[in-house]
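Enquirer: This is the content of query_19.cif (mmCIF, C-alpha atoms):
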```
data_coords
loop_
_atom_site.label_atom_id
_atom_site.label_comp_id
_atom_site.auth_asym_id
_atom_site.auth_seq_id
_atom_site.Cartn_x
_atom_site.Cartn_y
_atom_site.Cartn_z
CA MET A 18 -9.79 -28.42 -44.13
CA GLU A 19 -11.61 -25.93 -46.31
CA VAL A 20 -10.55 -22.32 -45.88
CA SER A 21 -13.32 -19.81 -45.23
CA PRO A 22 -13.69 -17.42 -48.17
CA TYR A 23 -14.41 -14.57 -45.77
CA GLY A 24 -11.63 -14.96 -43.19
CA LEU A 25 -8.26 -13.30 -42.70
CA GLU A 26 -6.45 -15.98 -44.68
CA SER A 27 -8.74 -15.40 -47.63
CA LEU A 28 -8.30 -11.65 -47.23
CA TRP A 29 -4.55 -12.02 -47.54
CA SER A 30 -4.56 -14.55 -50.37
CA GLN A 31 -7.16 -12.75 -52.49
CA GLY A 32 -6.30 -9.14 -51.66
CA ASP A 33 -4.31 -6.92 -53.96
CA PHE A 34 -1.21 -4.91 -53.06
CA VAL A 35 -3.27 -2.09 -51.54
CA THR A 36 -5.15 -4.43 -49.23
CA LYS A 37 -1.97 -6.20 -48.18
CA GLY A 38 -0.20 -2.88 -47.69
CA VAL A 39 -2.96 -1.60 -45.42
CA ALA A 40 -2.96 -4.86 -43.44
CA ILE A 41 0.83 -4.77 -42.99
CA LEU A 42 0.68 -1.12 -41.92
CA LEU A 43 -1.98 -1.87 -39.30
CA VAL A 44 -0.01 -4.83 -37.96
CA ALA A 45 3.15 -2.68 -37.74
CA MET A 46 1.22 0.05 -35.92
CA SER A 47 -0.19 -2.50 -33.50
CA ILE A 48 3.25 -3.96 -32.74
CA ALA A 49 4.73 -0.49 -32.19
CA SER A 50 1.91 0.60 -29.88
CA TRP A 51 2.01 -2.56 -27.79
CA TYR A 52 5.79 -2.30 -27.49
CA VAL A 53 5.46 1.24 -26.17
CA ILE A 54 2.61 0.29 -23.83
CA VAL A 55 4.49 -2.65 -22.29
CA THR A 56 7.87 -0.90 -21.95
CA LYS A 57 6.41 2.32 -20.56
CA ALA A 58 4.18 0.40 -18.14
CA LEU A 59 7.20 -1.52 -16.80
CA GLN A 60 9.15 1.73 -16.50
CA LEU A 61 6.28 3.37 -14.66
CA MET A 62 6.03 0.48 -12.20
CA GLN A 63 9.77 0.70 -11.52
CA TYR A 64 9.53 4.44 -10.92
CA ARG A 65 6.55 3.99 -8.61
CA ARG A 66 8.61 1.63 -6.45
CA ALA A 67 11.31 4.29 -6.36
CA ALA A 68 8.67 6.87 -5.39
CA ARG A 69 7.63 4.75 -2.40
CA ALA A 70 11.27 4.48 -1.35
CA ALA A 71 11.69 8.24 -1.77
CA GLY A 72 8.66 8.85 0.43
CA HIS A 73 9.72 6.59 3.31
CA GLU A 74 13.12 4.88 3.30
CA PHE A 75 14.98 7.96 2.08
CA TRP A 76 13.79 10.20 4.89
CA ASP A 77 14.29 7.50 7.51
CA ALA A 78 18.01 7.27 6.69
CA THR A 79 20.57 8.82 9.02
CA SER A 80 22.58 10.50 6.29
CA LEU A 81 22.03 11.78 2.79
CA SER A 82 24.41 9.23 1.28
CA GLU A 83 22.58 6.42 3.04
CA GLY A 84 19.24 7.83 1.91
CA THR A 85 20.44 8.03 -1.68
CA ALA A 86 21.55 4.42 -1.48
CA THR A 87 18.01 3.37 -0.54
CA LEU A 88 16.77 4.83 -3.82
CA GLY A 89 19.02 2.61 -5.91
CA SER A 90 20.16 3.75 -9.33
CA GLY A 91 18.58 4.36 -12.69
CA ASN A 92 15.47 6.06 -11.33
CA PRO A 93 14.44 9.73 -11.34
CA PHE A 94 14.42 10.18 -7.57
CA ALA A 95 18.06 9.13 -7.27
CA SER A 96 18.90 11.53 -10.11
CA ILE A 97 17.08 14.37 -8.34
CA ALA A 98 18.90 13.69 -5.07
CA ASP A 99 22.27 13.51 -6.86
CA ALA A 100 21.50 16.76 -8.66
CA GLY A 101 20.77 18.47 -5.34
CA VAL A 102 23.97 17.19 -3.73
CA THR A 103 26.02 18.21 -6.77
CA ALA A 104 24.44 21.68 -6.73
CA MET A 105 25.24 22.17 -3.05
CA ARG A 106 28.85 21.09 -3.51
CA HIS A 107 29.27 23.28 -6.59
CA HIS A 108 27.85 26.33 -4.84
CA GLU A 109 30.02 25.69 -1.79
CA ALA A 110 33.13 25.37 -3.94
CA HIS A 111 32.35 28.47 -6.01
CA LYS A 112 30.41 30.59 -3.56
CA GLY A 113 32.96 33.35 -3.96
CA HIS A 114 31.84 33.70 -7.56
CA LEU A 115 28.19 32.65 -7.24
CA HIS A 116 27.14 34.25 -3.98
CA ASP A 117 26.79 37.77 -5.32
CA GLU A 118 24.98 36.59 -8.44
CA LEU A 119 22.87 33.60 -7.36
CA SER A 120 21.76 32.49 -3.91
CA VAL A 121 22.10 28.90 -2.81
CA SER A 122 18.30 28.61 -2.85
CA ASP A 123 18.06 29.70 -6.48
CA TRP A 124 20.99 27.53 -7.51
CA VAL A 125 19.54 24.40 -5.90
CA THR A 126 16.12 25.18 -7.35
CA LEU A 127 17.54 25.41 -10.87
CA SER A 128 19.47 22.16 -10.47
CA LEU A 129 16.51 20.22 -9.07
CA ARG A 130 14.17 21.62 -11.71
CA GLN A 131 16.55 20.60 -14.48
CA ALA A 132 16.72 17.03 -13.13
CA ILE A 133 12.91 16.84 -12.90
CA ASP A 134 12.47 18.27 -16.40
CA GLU A 135 14.92 15.74 -17.86
CA THR A 136 12.99 12.87 -16.30
CA SER A 137 9.68 14.35 -17.46
CA ALA A 138 11.04 14.42 -21.01
CA LYS A 139 12.08 10.76 -20.73
CA LEU A 140 8.60 9.83 -19.54
CA GLN A 141 7.14 11.37 -22.69
CA THR A 142 9.32 9.23 -24.96
CA GLY A 143 7.12 6.99 -27.09
CA MET A 144 3.89 8.73 -26.15
CA ALA A 145 3.74 10.37 -29.58
CA VAL A 146 3.65 6.88 -31.11
CA LEU A 147 0.56 5.95 -29.12
CA ALA A 148 -1.13 9.26 -29.89
CA SER A 149 -0.40 8.88 -33.60
CA VAL A 150 -1.58 5.26 -33.75
CA GLY A 151 -4.73 6.00 -31.78
CA SER A 152 -5.69 8.87 -34.04
CA THR A 153 -4.67 7.46 -37.45
CA ALA A 154 -5.37 3.71 -37.23
CA PRO A 155 -9.17 4.11 -37.68
CA PHE A 156 -8.58 6.15 -40.83
CA VAL A 157 -6.12 3.59 -42.18
CA GLY A 158 -8.75 0.92 -41.57
CA LEU A 159 -11.35 3.16 -43.19
CA PHE A 160 -9.18 3.41 -46.28
CA GLY A 161 -9.12 -0.39 -46.45
CA THR A 162 -12.89 -0.37 -46.02
CA VAL A 163 -13.36 2.04 -48.93
CA TRP A 164 -11.05 -0.08 -51.06
CA GLY A 165 -13.07 -3.21 -50.24
CA ILE A 166 -16.33 -1.49 -51.17
CA TYR A 167 -14.72 -0.40 -54.42
CA HIS A 168 -13.92 -4.04 -55.15
CA ALA A 169 -17.55 -4.95 -54.43
CA LEU A 170 -18.78 -2.32 -56.88
CA VAL A 171 -16.33 -3.56 -59.50
CA ALA A 172 -17.56 -7.13 -58.99
CA ILE A 173 -21.16 -5.98 -59.44
CA GLY A 174 -20.31 -4.01 -62.56
CA THR A 175 -18.35 -6.88 -64.08
CA SER A 176 -20.99 -9.52 -63.44
CA GLY A 177 -23.95 -7.27 -64.16
CA GLN A 178 -25.82 -8.57 -61.14
CA ALA A 179 -25.68 -7.76 -57.42
CA SER A 180 -25.79 -11.35 -56.17
CA ILE A 181 -24.54 -12.07 -52.66
CA ASP A 182 -21.75 -14.34 -53.84
CA LYS A 183 -20.28 -11.50 -55.94
CA VAL A 184 -20.16 -8.89 -53.20
CA ALA A 185 -19.78 -10.98 -50.03
CA GLY A 186 -16.02 -11.32 -50.39
CA PRO A 187 -15.19 -7.63 -51.02
CA VAL A 188 -17.70 -6.45 -48.40
CA GLY A 189 -16.25 -8.90 -45.89
CA GLU A 190 -12.81 -7.56 -46.74
CA ALA A 191 -14.04 -4.03 -46.07
CA LEU A 192 -15.53 -4.97 -42.69
CA ILE A 193 -12.35 -6.79 -41.65
CA MET A 194 -10.31 -3.67 -42.42
CA THR A 195 -12.65 -1.58 -40.28
CA ALA A 196 -12.31 -4.06 -37.42
CA LEU A 197 -8.52 -4.14 -37.74
CA GLY A 198 -8.32 -0.37 -37.61
CA LEU A 199 -10.40 -0.25 -34.44
CA ALA A 200 -8.49 -3.17 -32.90
CA VAL A 201 -5.26 -1.22 -33.34
CA ALA A 202 -6.57 2.20 -32.29
CA ILE A 203 -8.51 1.25 -29.14
CA PRO A 204 -5.60 -0.29 -27.15
CA ALA A 205 -3.32 2.55 -28.23
CA THR A 206 -5.82 5.16 -27.02
CA PHE A 207 -6.47 3.42 -23.70
CA GLY A 208 -2.73 2.87 -23.19
CA TYR A 209 -1.97 6.51 -23.95
CA ASN A 210 -4.57 7.79 -21.48
CA ALA A 211 -3.43 5.39 -18.74
CA LEU A 212 0.24 6.28 -19.20
CA VAL A 213 -0.52 10.00 -19.23
CA ARG A 214 -2.32 9.68 -15.89
CA GLY A 215 0.53 7.62 -14.47
CA ASN A 216 3.14 10.09 -15.68
CA LYS A 217 1.27 13.05 -14.19
CA SER A 218 1.07 11.29 -10.83
CA LEU A 219 4.77 10.45 -10.93
CA ILE A 220 5.78 13.98 -11.91
CA ALA A 221 3.75 15.33 -8.99
CA LYS A 222 5.65 13.01 -6.64
CA MET A 223 8.97 14.12 -8.13
CA ASN A 224 8.02 17.77 -7.60
CA LYS A 225 7.11 17.02 -3.99
CA PHE A 226 10.39 15.15 -3.46
CA GLY A 227 12.31 18.02 -5.05
CA PHE A 228 10.53 20.53 -2.82
CA ASP A 229 11.44 18.55 0.30
CA LEU A 230 15.04 18.25 -0.86
CA HIS A 231 15.20 21.97 -1.52
CA ALA A 232 13.97 22.67 2.00
CA LEU A 233 16.51 20.22 3.41
CA PHE A 234 19.45 21.74 1.55
CA VAL A 235 18.50 25.36 2.21
CA THR A 236 16.97 25.29 5.70
CA GLY A 237 18.38 22.05 7.07
CA ALA A 238 15.03 20.32 7.58
CA ARG A 239 12.34 18.69 5.48
CA ALA A 240 9.55 21.13 4.69
CA ASN A 241 6.63 19.18 6.13
CA ASP A 242 8.41 17.40 8.98
CA THR A 243 11.12 19.17 10.93
CA ASN A 244 11.36 16.17 13.25
CA THR A 245 12.08 13.60 10.56
CA PRO A 246 14.70 11.19 12.02
CA GLY A 247 16.90 11.33 8.95
CA ALA A 248 16.63 15.08 8.46
CA SER A 249 19.37 16.19 10.86
CA GLY A 250 21.86 13.63 9.65
CA ALA A 251 21.09 14.42 6.03
CA LYS A 252 21.57 18.11 6.77
CA LEU A 253 25.12 17.56 8.00
CA VAL A 254 26.09 15.73 4.84
CA ALA A 255 24.29 18.07 2.47
CA VAL A 256 25.48 21.36 3.96
CA GLY A 257 28.86 20.04 4.88
CA GLY A 258 29.46 18.97 1.31
CA ALA A 259 30.61 15.46 2.20
#
```
Could you take the file, read its structure, and then write that structure out as structure tokens?

Expert:
Amino acid sequence: MEVSPYGLESLWSQGDFVTKGVAILLVAMSIASWYVIVTKALQLMQYRRAARAAGHEFWDATSLSEGTATLGSGNPFASIADAGVTAMRHHEAHKGHLHDELSVSDWVTLSLRQAIDETSAKLQTGMAVLASVGSTAPFVGLFGTVWGIYHALVAIGTSGQASIDKVAGPVGEALIMTALGLAVAIPATFGYNALVRGNKSLIAKMNKFGFDLHALFVTGARANDTNTPGASGAKLVAVGGA
């Protein structure tokens, strides 16, 4: 089977070290961006399931320990709940030292905020890769395009005539590089924007969950529902330090 002189295989076999280097760089950028997109999307889906549990099953539990168990482990909402429980126990155990300096409300707020900030930082992991690929891949492809045009001009100068067979190969190489750059940058940009929206939504849910937990620990009832079935039982565990 005859190989097309204008395809990717021809680009690789006939290209010099610069062309091959640009192609390898674009492929590496594409692999890195898709890895981040897939892993972060799976993480986001897992956290969204935890958010649904935090919005319903957690508050329907009869005790705080039972509610925490409904959240499972390895998700931000469980970490936030654990941070609140730990803060309450620590303040209860050291209230002789902390009471005059920091109220239980402020102490719980600081602990919940730290847990939320830690999760927010984890959500941002890998996003810089997508932002970098989305912004630089077109320029990397453009560099390959300029290099291909340079080859076309060299072919014209060497042959002394601008026939189509002399410039078709280098011009095709240039267009392929442009296409590769766009093919790498577009998914990275769309993935970045989608993940940013998903992260913002999740962080808003974590802030809401933290606010409800703060109200539960400090006042003994969930902020927006004082009649929540699980609120009274959770209050006994949280305030009692069990």

Enquirer: Output the residue selection produced by the PyMOL selection byres ((chain A and resi 48) around 12) on the file above, formatted as JSON, numbers by chain.

Expert: {"A": [41, 42, 43, 44, 45, 46, 47, 49, 50, 51, 52, 53, 54, 55, 146, 147, 150, 200, 201, 202, 204, 205]}

Enquirer: Using the chain letters and numbering of this document, enumerate as a list in words the residues selected by the PyMOL selection byres ((chain A and resi 217-225) around 7).

Expert: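 On this input, the PyMOL selection byres ((chain A and resi 217-225) around 7) captures Ala68, Phe94, Ile133, Ser137, Val213, Arg214, Gly215, Asn216, Phe226, Gly227, Phe228 and Asp229 of chain A.
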
Enquirer: Would you list the contacts of range 159-166 of chain A as a list in words, taking every protein, DNA or RNA residue within 8 Å and counting only C-alpha atoms, but skipping same-chain residues closer than 3 positions in sequence?

Expert: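 Once the adjacent positions are removed, what remains is Val35, Thr36, Val39, Pro155, Phe156, Ala169, Leu170, Pro187, Val188, Gly189, Glu190, Ala191, Leu192, Ile193, Met194, Thr195 and Gly198 of chain A.
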
Enquirer: For CA of Leu59 in chain A and CA of Leu81 in chain A, quote the distance in Å rounded to one decimal.

Expert: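 About the pair CA of Leu59 in chain A and CA of Leu81 in chain A: they are 27.9 Å apart.
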
Enquirer: Return as lines of an AutoDock Vina configuration file the centre and edge lengths, in Å with one decimal, of the box along x, y and z that encloses every atom of range 54-64 of chain A in the file, padded by 5 Å per side.

Expert:
```
center_x = 6.2
center_y = 0.9
center_z = -17.4
size_x = 17.2
size_y = 17.1
size_z = 22.9
```

Enquirer: Could you tell me which of A:Ser152, A:Asn92, A:Ser122, A:Asn210 comes closest to Thr136 in chain A if we count only C-alpha atoms?

Expert: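 Of A:Ser152, A:Asn92, A:Ser122, A:Asn210, the one nearest Thr136 in chain A is A:Asn92, counting only C-alpha atoms.
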
Enquirer: Taking 2 positions as the minimum chain separation for residues in the same chain, which residues sit within 9 Å of Leu88 in chain A when counting all atoms listed in the file? Answer as a PyMOL selection string.

Expert: chain A and resi 67-68+70-71+74-75+84-86+90+92+94-95

Enquirer: Ranking A:Ser96, A:Ala145, A:Gly89, A:Ser120 by minimum distance to Gln63 in chain A and counting only C-alpha atoms, which one comes first?

Expert: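 Checking each candidate against Gln63 in chain A, we get A:Gly89 as the closest.
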
Enquirer: For a test of reading the model, state the distance in Å between CA of Leu212 in chain A and CA of Met144 in chain A, rounded to one decimal.

Expert: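 Between these atoms lies a distance of 8.2 Å.
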
Enquirer: As an exercise, work out the distance from CA of Thr56 in chain A to CA of Ala148 in chain A in Å and give it to one decimal place.

Expert: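 CA of Thr56 in chain A sits 15.7 Å away from CA of Ala148 in chain A.
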
Enquirer: Pick from A:Met105, A:Thr175, A:Gly158, A:Leu140: nearest to Ala40 in chain A, with only C-alpha atoms counted?

Expert: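 Once distances to Ala40 in chain A are computed over only C-alpha atoms, the minimum belongs to A:Gly158.
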
Enquirer: Of the candidates A:Thr153, A:Thr236, A:Thr142, A:Thr206, which one gets nearest to Gln60 in chain A if we count all atoms listed in the file?

Expert: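 Among A:Thr153, A:Thr236, A:Thr142, A:Thr206, it is A:Thr142 that comes nearest to Gln60 in chain A.
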
Enquirer: A:Ala78, A:Ile203, A:Tyr209, A:Arg106: which is nearest Gly143 in chain A, counting only C-alpha atoms?

Expert: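 Comparing A:Ala78, A:Ile203, A:Tyr209, A:Arg106 against Gly143 in chain A, the winner is A:Tyr209.
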